[in-house]
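Trainee: Below you'll find work09.txt; it's compact mmCIF, C-alpha atoms and all ligand atoms.
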```txt
# COMPACT_ATOMS: atom_id res chain seq x y z
CA MET A 1 106.64 120.18 64.08
CA HIS A 2 105.05 116.77 63.57
CA GLU A 3 105.46 114.49 66.58
CA THR A 4 106.40 110.88 65.91
CA GLU A 5 105.12 108.07 68.11
CA ARG A 6 108.62 107.90 69.59
CA ASP A 7 108.47 111.61 70.46
CA LEU A 8 105.22 110.98 72.30
CA LEU A 9 106.55 107.98 74.22
CA ARG A 10 109.71 109.92 75.08
CA HIS A 11 107.83 112.98 76.24
CA HIS A 12 108.59 114.06 79.82
CA GLY A 13 107.16 116.87 81.90
CA ASP A 14 110.53 118.65 82.15
CA VAL A 15 110.26 120.01 78.59
CA GLU A 16 106.99 121.71 79.53
CA VAL A 17 108.69 123.91 82.10
CA ALA A 18 110.60 127.09 81.25
CA PRO A 19 112.65 129.02 83.85
CA GLY A 20 110.48 131.10 86.15
CA MET A 21 107.30 129.11 85.52
CA LEU A 22 105.21 127.71 88.33
CA ASP A 23 105.96 124.02 87.82
CA PHE A 24 103.18 121.47 88.17
CA ALA A 25 104.59 119.39 85.31
CA VAL A 26 107.54 117.65 86.98
CA ASN A 27 107.11 115.39 89.99
CA VAL A 28 110.58 115.84 91.50
CA ARG A 29 110.37 117.33 95.02
CA GLY A 30 112.57 120.40 95.30
CA GLU A 31 115.49 121.82 93.35
CA GLY A 32 118.16 119.50 94.65
CA PRO A 33 119.07 116.97 97.31
CA PRO A 34 119.02 117.93 101.01
CA ALA A 35 122.17 119.38 102.59
CA TRP A 36 123.10 116.18 104.44
CA LEU A 37 123.07 114.22 101.19
CA ARG A 38 125.09 116.85 99.34
CA GLU A 39 127.68 116.64 102.11
CA ARG A 40 127.83 112.87 101.78
CA LEU A 41 128.35 113.21 98.04
CA ALA A 42 130.87 116.02 98.41
CA ALA A 43 132.91 113.85 100.77
CA LYS A 44 133.28 111.32 97.95
CA LEU A 45 134.71 113.76 95.43
CA ALA A 46 138.30 113.42 96.59
CA GLY A 47 138.17 109.68 95.95
CA LEU A 48 137.06 109.93 92.34
CA GLY A 49 140.55 108.97 91.20
CA ARG A 50 139.66 105.37 92.02
CA TYR A 51 137.30 103.13 90.07
CA PRO A 52 134.12 102.21 91.94
CA SER A 53 134.91 98.95 93.72
CA GLU A 54 133.05 95.67 94.16
CA ALA A 55 133.24 96.29 97.89
CA GLU A 56 131.42 99.62 97.58
CA ASP A 57 128.79 98.01 95.37
CA LEU A 58 128.25 95.20 97.87
CA ALA A 59 128.14 97.62 100.81
CA ALA A 60 125.45 99.67 99.08
CA ARG A 61 123.50 96.55 98.11
CA ARG A 62 123.64 95.45 101.76
CA VAL A 63 122.05 98.74 102.85
CA VAL A 64 119.31 98.47 100.21
CA ALA A 65 118.75 94.81 101.07
CA ALA A 66 118.38 95.61 104.77
CA ARG A 67 115.86 98.35 103.95
CA HIS A 68 113.69 95.79 102.16
CA GLY A 69 114.42 92.72 104.29
CA ARG A 70 116.10 90.96 101.38
CA ASP A 71 119.49 89.48 100.48
CA PRO A 72 122.18 91.59 98.80
CA ASP A 73 122.11 89.22 95.82
CA GLU A 74 118.48 90.26 95.27
CA VAL A 75 119.58 93.87 94.70
CA LEU A 76 120.95 95.43 91.52
CA LEU A 77 122.01 99.08 91.68
CA LEU A 78 120.77 101.10 88.71
CA ALA A 79 121.39 104.43 87.05
CA GLY A 80 117.78 105.37 87.80
CA GLY A 81 114.67 103.32 87.29
CA ALA A 82 115.02 104.18 83.60
CA GLU A 83 118.13 102.01 83.34
CA GLY A 84 116.07 99.12 84.68
CA PHE A 85 113.63 99.49 81.78
CA SER A 86 116.48 99.55 79.28
CA LEU A 87 117.79 96.25 80.69
CA LEU A 88 114.44 94.41 80.41
CA PRO A 89 114.99 93.23 76.80
CA ARG A 90 117.95 91.15 78.07
CA LEU A 91 115.38 88.85 79.64
CA GLN A 92 114.22 88.11 76.08
CA PRO A 93 110.47 88.11 76.67
CA ARG A 94 108.39 86.75 73.80
CA LEU A 95 105.49 89.09 74.55
CA ALA A 96 105.49 91.94 77.01
CA ALA A 97 102.14 93.31 78.19
CA LEU A 98 102.23 96.93 79.30
CA VAL A 99 99.46 98.13 81.55
CA HIS A 100 98.39 101.65 80.56
CA PRO A 101 97.82 104.52 81.04
CA SER A 102 101.29 104.53 82.53
CA PHE A 103 104.81 105.83 82.19
CA THR A 104 105.92 105.07 78.64
CA GLU A 105 109.67 104.44 78.99
CA PRO A 106 109.30 100.66 79.57
CA GLU A 107 107.29 100.32 76.37
CA LEU A 108 109.79 102.35 74.39
CA ALA A 109 112.76 100.39 75.74
CA LEU A 110 111.13 97.06 74.86
CA ARG A 111 109.90 98.15 71.46
CA GLU A 112 113.22 99.65 70.45
CA ALA A 113 114.89 96.34 71.30
CA GLY A 114 112.47 94.52 69.00
CA VAL A 115 110.35 92.89 71.72
CA ASP A 116 106.69 92.26 70.84
CA VAL A 117 104.54 94.37 73.10
CA GLN A 118 100.84 94.54 73.75
CA ARG A 119 99.10 97.39 75.50
CA VAL A 120 96.51 96.62 78.14
CA ILE A 121 94.53 99.82 78.46
CA LEU A 122 92.53 100.36 81.63
CA ASP A 123 89.53 102.67 81.43
CA ALA A 124 88.72 105.16 84.17
CA PRO A 125 88.93 104.67 87.13
CA TYR A 126 92.00 102.72 85.94
CA ARG A 127 91.71 99.74 88.30
CA LEU A 128 93.81 96.72 87.45
CA ASP A 129 91.96 93.73 86.05
CA PRO A 130 94.45 90.85 85.71
CA ALA A 131 92.03 89.07 83.34
CA LEU A 132 92.71 91.75 80.70
CA VAL A 133 96.34 90.70 80.42
CA PRO A 134 96.87 88.16 77.63
CA ASP A 135 97.87 84.71 78.89
CA ALA A 136 100.63 84.63 76.29
CA ALA A 137 102.44 87.54 77.95
CA ASP A 138 105.58 86.23 79.63
CA MET A 139 106.35 89.71 80.94
CA VAL A 140 103.88 92.20 82.39
CA VAL A 141 104.92 95.72 83.29
CA LEU A 142 102.89 98.03 85.46
CA GLY A 143 103.46 101.05 87.67
CA ASN A 144 102.41 101.17 91.31
CA PRO A 145 101.42 103.80 92.19
CA THR A 146 100.73 104.54 88.56
CA ASN A 147 101.98 107.65 86.86
CA PRO A 148 99.86 109.55 85.73
CA THR A 149 96.59 108.21 87.21
CA SER A 150 97.83 108.22 90.83
CA VAL A 151 96.06 104.89 91.32
CA LEU A 152 97.61 102.54 93.87
CA HIS A 153 96.80 98.96 92.99
CA PRO A 154 96.33 96.60 95.95
CA ALA A 155 99.35 94.29 96.26
CA GLU A 156 97.09 91.27 95.89
CA HIS A 157 95.93 92.50 92.46
CA VAL A 158 99.55 92.98 91.38
CA LEU A 159 100.40 89.49 92.59
CA ALA A 160 97.34 88.08 90.81
CA LEU A 161 99.25 88.80 87.57
CA ARG A 162 101.71 86.01 88.39
CA ARG A 163 101.62 82.96 86.11
CA GLN A 164 103.93 80.06 85.41
CA GLY A 165 106.68 81.29 83.09
CA ARG A 166 105.86 84.99 83.49
CA LEU A 167 107.82 87.82 85.06
CA VAL A 168 105.83 90.62 86.65
CA VAL A 169 107.74 93.91 86.57
CA VAL A 170 106.49 96.54 88.99
CA ASP A 171 107.72 100.08 88.53
CA GLU A 172 107.60 101.43 92.08
CA ALA A 173 109.30 104.74 91.26
CA PHE A 174 106.83 106.60 93.48
CA ALA A 175 106.17 103.92 96.10
CA ASP A 176 108.28 105.71 98.70
CA ALA A 177 105.90 108.67 98.41
CA THR A 178 102.82 106.62 99.30
CA VAL A 179 101.18 106.20 102.65
CA ASP A 180 97.95 104.67 103.91
CA GLU A 181 96.02 107.76 104.93
CA VAL A 182 94.04 105.85 107.56
CA THR A 183 96.74 103.78 109.26
CA GLY A 184 99.71 106.03 108.41
CA VAL A 185 101.62 102.94 107.20
CA ALA A 186 104.21 103.87 104.58
CA GLU A 187 104.52 102.18 101.17
CA PRO A 188 101.27 100.29 101.86
CA GLN A 189 100.91 98.24 98.63
CA SER A 190 104.56 97.78 97.76
CA VAL A 191 105.72 94.29 96.80
CA ALA A 192 109.38 95.28 97.13
CA ASP A 193 109.88 93.40 100.38
CA LEU A 194 108.56 90.06 99.06
CA SER A 195 111.24 87.69 97.86
CA LEU A 196 109.45 86.33 94.81
CA PRO A 197 111.65 85.11 91.96
CA ASP A 198 109.03 86.00 89.34
CA VAL A 199 108.47 89.58 90.52
CA LEU A 200 110.96 92.30 89.62
CA VAL A 201 110.58 95.64 91.38
CA LEU A 202 112.20 98.80 90.04
CA ARG A 203 112.77 101.65 92.43
CA SER A 204 113.86 105.23 91.79
CA LEU A 205 115.48 107.71 94.14
CA THR A 206 114.93 110.57 91.71
CA LYS A 207 111.70 112.09 92.92
CA THR A 208 111.89 111.97 96.71
CA TRP A 209 115.52 113.03 96.87
CA ALA A 210 115.57 115.49 93.97
CA LEU A 211 118.35 113.46 92.37
CA ALA A 212 117.14 113.45 88.77
CA GLY A 213 120.54 114.60 87.53
CA LEU A 214 122.55 111.93 89.35
CA ARG A 215 120.53 108.91 88.09
CA CYS A 216 119.93 106.62 91.04
CA GLY A 217 117.68 103.63 91.52
CA TYR A 218 117.76 99.90 92.05
CA ALA A 219 116.08 96.66 91.13
CA LEU A 220 114.87 94.00 93.58
CA GLY A 221 114.37 90.53 92.19
CA GLY A 222 115.48 86.95 92.09
CA PRO A 223 119.28 86.55 91.77
CA GLU A 224 118.88 84.67 88.46
CA VAL A 225 116.79 87.41 86.93
CA LEU A 226 119.26 90.05 88.11
CA GLU A 227 122.18 88.06 86.66
CA ARG A 228 120.47 88.03 83.28
CA LEU A 229 119.75 91.75 83.48
CA LYS A 230 123.45 92.40 84.10
CA GLN A 231 124.67 90.41 81.09
CA GLY A 232 126.48 92.72 78.69
CA ARG A 233 126.30 95.73 80.96
CA ALA A 234 129.29 98.05 81.01
CA HIS A 235 131.98 97.47 83.58
CA TRP A 236 131.57 100.08 86.35
CA PRO A 237 128.03 100.93 85.23
CA LEU A 238 127.52 103.35 88.14
CA SER A 239 129.80 106.08 89.42
CA SER A 240 130.99 106.14 93.03
CA LEU A 241 128.67 109.09 93.62
CA GLN A 242 125.64 107.14 92.44
CA VAL A 243 126.58 104.17 94.61
CA GLU A 244 127.04 106.47 97.62
CA ALA A 245 123.70 108.21 97.04
CA ILE A 246 121.82 104.91 96.71
CA ALA A 247 123.29 103.68 99.99
CA ALA A 248 122.71 106.99 101.76
CA CYS A 249 119.04 107.20 100.70
CA SER A 250 118.41 103.64 101.84
CA GLU A 251 119.70 104.05 105.39
CA PRO A 252 117.05 103.96 108.13
CA ASP A 253 117.18 107.72 108.85
CA ALA A 254 116.72 108.56 105.18
CA VAL A 255 113.86 106.09 104.81
CA ALA A 256 112.19 107.64 107.87
CA GLN A 257 112.62 111.08 106.24
CA SER A 258 111.07 109.87 103.00
CA HIS A 259 108.12 108.44 104.89
CA ALA A 260 107.63 111.73 106.73
CA GLN A 261 107.66 113.41 103.33
CA ALA A 262 105.09 110.88 102.07
CA ARG A 263 102.77 111.87 104.93
CA ALA A 264 103.31 115.55 104.12
CA ILE A 265 102.48 114.87 100.46
CA ALA A 266 99.30 113.05 101.48
CA ALA A 267 98.22 116.04 103.56
CA GLU A 268 99.05 118.46 100.74
CA ARG A 269 97.15 116.28 98.28
CA VAL A 270 93.99 116.43 100.40
CA VAL A 271 94.22 120.25 100.53
CA MET A 272 94.98 120.39 96.79
CA ALA A 273 92.04 118.19 95.85
CA GLY A 274 89.76 120.33 98.03
CA LEU A 275 90.93 123.52 96.32
CA LEU A 276 90.72 122.00 92.84
CA ALA A 277 87.14 120.97 93.54
CA GLU A 278 86.37 124.68 93.16
CA ALA A 279 87.73 124.68 89.60
CA PRO A 280 85.96 123.35 86.50
CA VAL A 281 88.01 120.15 86.41
CA ARG A 282 87.41 116.48 87.15
CA ILE A 283 89.96 114.87 89.48
CA ALA A 284 90.77 111.15 89.34
CA LEU A 285 90.30 110.07 92.95
CA PRO A 286 91.30 108.42 95.17
CA ALA A 287 94.89 109.38 94.46
CA PHE A 288 97.99 108.03 96.14
CA GLY A 289 100.94 109.46 94.21
CA PRO A 290 102.54 112.89 94.51
CA PHE A 291 100.46 114.01 91.52
CA LEU A 292 96.83 114.22 90.42
CA LEU A 293 95.24 113.43 87.08
CA LEU A 294 92.76 116.05 85.94
CA GLU A 295 90.25 116.07 83.12
CA VAL A 296 89.15 119.35 81.59
CA ARG A 297 87.30 120.48 78.49
CA ASP A 298 89.53 121.70 75.64
CA GLY A 299 92.61 120.49 77.47
CA GLU A 300 95.08 121.58 74.83
CA LEU A 301 93.79 125.14 74.94
CA VAL A 302 93.68 125.10 78.73
CA ARG A 303 97.31 123.99 78.87
CA LYS A 304 98.32 126.74 76.43
CA ARG A 305 96.44 129.40 78.40
CA LEU A 306 97.97 128.21 81.67
CA ARG A 307 101.35 128.40 80.02
CA GLU A 308 100.67 132.01 78.99
CA ARG A 309 100.00 132.67 82.69
CA GLY A 310 103.33 131.12 83.67
CA ILE A 311 101.96 127.79 84.87
CA ALA A 312 103.27 124.47 83.52
CA VAL A 313 101.16 121.31 83.71
CA ARG A 314 101.96 117.94 82.18
CA ARG A 315 100.01 117.03 79.04
CA GLY A 316 98.13 113.75 79.34
CA ASP A 317 97.74 112.68 75.73
CA THR A 318 101.19 111.07 75.46
CA PHE A 319 100.02 108.39 77.91
CA PRO A 320 98.26 105.59 75.99
CA GLY A 321 94.57 105.59 76.90
CA LEU A 322 94.39 109.29 77.79
CA SER A 323 93.49 112.32 75.69
CA THR A 324 94.42 115.97 75.33
CA ASP A 325 91.74 116.68 77.94
CA HIS A 326 93.85 114.96 80.59
CA LEU A 327 96.42 116.97 82.51
CA ARG A 328 98.74 115.77 85.26
CA VAL A 329 99.63 118.13 88.08
CA ALA A 330 102.23 117.54 90.79
CA VAL A 331 101.08 117.91 94.38
CA ARG A 332 102.23 121.34 95.55
CA THR A 333 101.71 123.70 98.48
CA ARG A 334 98.48 125.55 99.10
CA ASP A 335 99.76 128.90 97.75
CA ASP A 336 100.84 127.36 94.46
CA VAL A 337 97.57 125.46 94.14
CA VAL A 338 95.54 128.62 94.79
CA ARG A 339 97.34 130.21 91.81
CA LEU A 340 96.57 127.17 89.69
CA VAL A 341 92.91 127.13 90.69
CA ASP A 342 92.53 130.88 90.00
CA ALA A 343 94.10 130.40 86.57
CA LEU A 344 91.95 127.34 85.80
CA ARG A 345 88.82 129.29 86.63
CA GLN A 346 89.87 131.96 84.16
CA VAL A 347 90.85 129.68 81.32
CA CYS A 348 88.40 126.76 81.54
CA ARG A 349 85.07 126.99 79.82
C1 LIG B 401 106.65 106.18 86.81
C2 LIG B 401 108.09 106.43 86.60
N1 LIG B 401 108.94 105.40 86.64
C3 LIG B 401 110.26 105.57 86.46
C4 LIG B 401 110.78 106.81 86.20
C5 LIG B 401 112.24 106.92 85.95
O1 LIG B 401 112.86 107.42 87.04
P1 LIG B 401 114.44 107.54 87.14
O2 LIG B 401 114.74 108.99 87.20
O3 LIG B 401 114.79 106.80 88.38
O4 LIG B 401 115.03 106.90 85.93
C6 LIG B 401 109.94 107.92 86.14
C7 LIG B 401 110.47 109.25 85.83
O5 LIG B 401 109.78 110.15 85.42
C8 LIG B 401 108.56 107.72 86.35
O6 LIG B 401 107.70 108.73 86.30
```
Kindly present the structure from the file in structure tokens form.
Mentor:
Amino acid sequence: MHETERDLLRHHGDVEVAPGMLDFAVNVRGEGPPAWLRERLAAKLAGLGRYPSEAEDLAARRVVAARHGRDPDEVLLLAGGAEGFSLLPRLQPRLAALVHPSFTEPELALREAGVDVQRVILDAPYRLDPALVPDAADMVVLGNPTNPTSVLHPAEHVLALRRQGRLVVVDEAFADATVDEVTGVAEPQSVADLSLPDVLVLRSLTKTWALAGLRCGYALGGPEVLERLKQGRAHWPLSSLQVEAIAACSEPDAVAQSHAQARAIAAERVVMAGLLAEAPVRIALPAFGPFLLLEVRDGELVRKRLRERGIAVRRGDTFPGLSTDHLRVAVRTRDDVVRLVDALRQVCR
């Protein structure tokens, strides 16, 4: 079937995985949320007869605000980071610059709302050059760390995008999975904790907490920007369960758990890169996200052959600036990676 441009922008790794396959295509960690979180959510079920209240919303925003050292009025709870993208057109940008290769949902949301967009395509090794962004752009959207390149832009480069009259939108969906491998500091280049009125940070709880099905995230930004984002939104936009999950995952114990997981991912990524070095692939390094970008010859064929061997990897060509020879693979345990490397050695020329 012919793929439209919309199909390509809407493509997600989940459709590349069939039951029983070894899944390198999706970046969610695990099948579902941890037991403690399920219990918290289960405890809320009996109260579903009530509408979610302002008080619950404020309580959850307080927890998120405390996690980031910000005020509750700088927090907007979201049905996943994806909802944040869908709200961006309410800010009525004249020209939105989208830094690619990157996750394509922001571009789709803006384009479908009739916003003029311009792609800023970074070449390998995909480092951010603020000078490439057109001055006329009053909104710039970029991911940090970036999906699918796994590049982590230094915070000062992100902040160098700021200009009078411009909003910088940073998709930090994977920031909680990053760590400075030398110092061990978590979320090293995040700008989430800076109270800057012209920087909007979107966070997701999907990946770390295996909550893709519940839809949980939040925005951090200036109160005026958040007010404009909210204009026209449905009453009770989030369920009580979403509100509870966002609060629960932002409490200090949960944040400590996510940072421990980030360190585990970093260790797994080192092992994975070492094993992949034995396969006929090029790895985009250094990498900071819970995934690696690979380049292979005849990528489409390689992906098909891996699929025949029960291994799903994410195609790269739906990301502007990448080709069919790019594949994204989630960071996984040594045993899984050994299977991938064995298969790659068989199928790559
Ligand atoms: C880079 C990036 N940002 C945002 C999202 C959206 O996440 P959520 O599930 O919170 O809507 C994804 C999901 O794949 C993603 O990869």
Trainee: Ala42 of chain A: which residues within 12 Å, counting all atoms listed in the file, same-chain residues fewer than 4 positions away excluded, as a list in words?
Mentor: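 Near neighbours after the sequence-gap exclusion: Pro33, Ala35, Trp36, Leu37, Arg38, Ala46, Gly47, Leu48, Ser240, Leu241, Gln242, Glu244 and Ala245 of chain A.
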Trainee: Smallest atom-to-atom distance to Arg90 of chain A: which of A:Glu227, A:Glu295, A:Glu181, A:Asp138, using all atoms listed in the file?
Mentor: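 Once distances to Arg90 of chain A are computed over all atoms listed in the file, the minimum belongs to A:Glu227.
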Trainee: Check which residues fall inside 6 Å of ligand LIG 401 (chain B) when counting all atoms listed in the file, and print them as a PyMOL selection string.
Mentor: chain A and resi 80-82+103+147+171+173+204-206+212+215-217
Trainee: In terms of the shortest atom-to-atom distance over only C-alpha atoms, which of A:Ala25, A:Ala96, A:Leu87, A:Cys249 is closest to Val63 of chain A?
Mentor: A:Cys249
Trainee: Quick one: everything within 10 Å of Val99 of chain A, counting all atoms listed in the file, minus sequence neighbours fewer than 5 positions away in the same chain. Send it as a PyMOL selection string.
Mentor: chain A and resi 104+107+118-122+126+128-130+132-133+140-143+146+320
Trainee: Please tell me which residues are no farther than 9 Å from (119.9, 90.0, 81.7) in the file, counting only C-alpha atoms, and write them as JSON, numbers by chain.
Mentor: {"A": [87, 88, 89, 90, 91, 92, 224, 225, 226, 227, 228, 229, 230, 231, 232, 233]}
Trainee: So, with all atoms listed in the file as the atoms that count, which of A:Gly299, A:Pro134, A:Gly274, A:Gly20 lies closest to Arg315 of chain A?
Mentor: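 So, comparing all the options, the nearest one is A:Gly299.
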Trainee: Just give me the gap between atom CA of Leu327 of chain A and atom CA of Val170 of chain A in Å, one decimal is fine.
Mentor: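 Between atom CA of Leu327 of chain A and atom CA of Val170 of chain A the gap works out to 23.7 Å.
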Trainee: Rounded to one decimal in Å, what is the spacing between atom CA of Glu156 of chain A and atom CA of Ala66 of chain A?
Mentor: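 Going from atom CA of Glu156 of chain A over to atom CA of Ala66 of chain A, I get 23.5 Å.
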Trainee: For a quick check of your reading of the model, name the residues lying within 12 Å of the coordinate (102.5, 118.2, 81.4), counting all atoms listed in the file, and write them as a VMD selection string.
Mentor: chain A and resid 8 11 to 17 23 to 27 147 to 148 291 to 294 299 to 300 302 to 304 306 to 307 311 to 319 324 to 330
Trainee: What's around His153 of chain A at 8 Å? Count only C-alpha atoms, leave out sequence neighbours fewer than 2 positions away in its own chain, and write the answer as a short mmCIF file (atom, residue, chain, number, x, y, z; two decimals) with C-alpha atoms, in the frame of the given file.
Mentor:
```
data_model
loop_
_atom_site.label_atom_id
_atom_site.label_comp_id
_atom_site.auth_asym_id
_atom_site.auth_seq_id
_atom_site.Cartn_x
_atom_site.Cartn_y
_atom_site.Cartn_z
CA ARG A 127 91.71 99.74 88.30
CA LEU A 128 93.81 96.72 87.45
CA ASN A 144 102.41 101.17 91.31
CA PRO A 145 101.42 103.80 92.19
CA VAL A 151 96.06 104.89 91.32
CA ALA A 155 99.35 94.29 96.26
CA HIS A 157 95.93 92.50 92.46
CA VAL A 158 99.55 92.98 91.38
CA GLN A 189 100.91 98.24 98.63
#
```
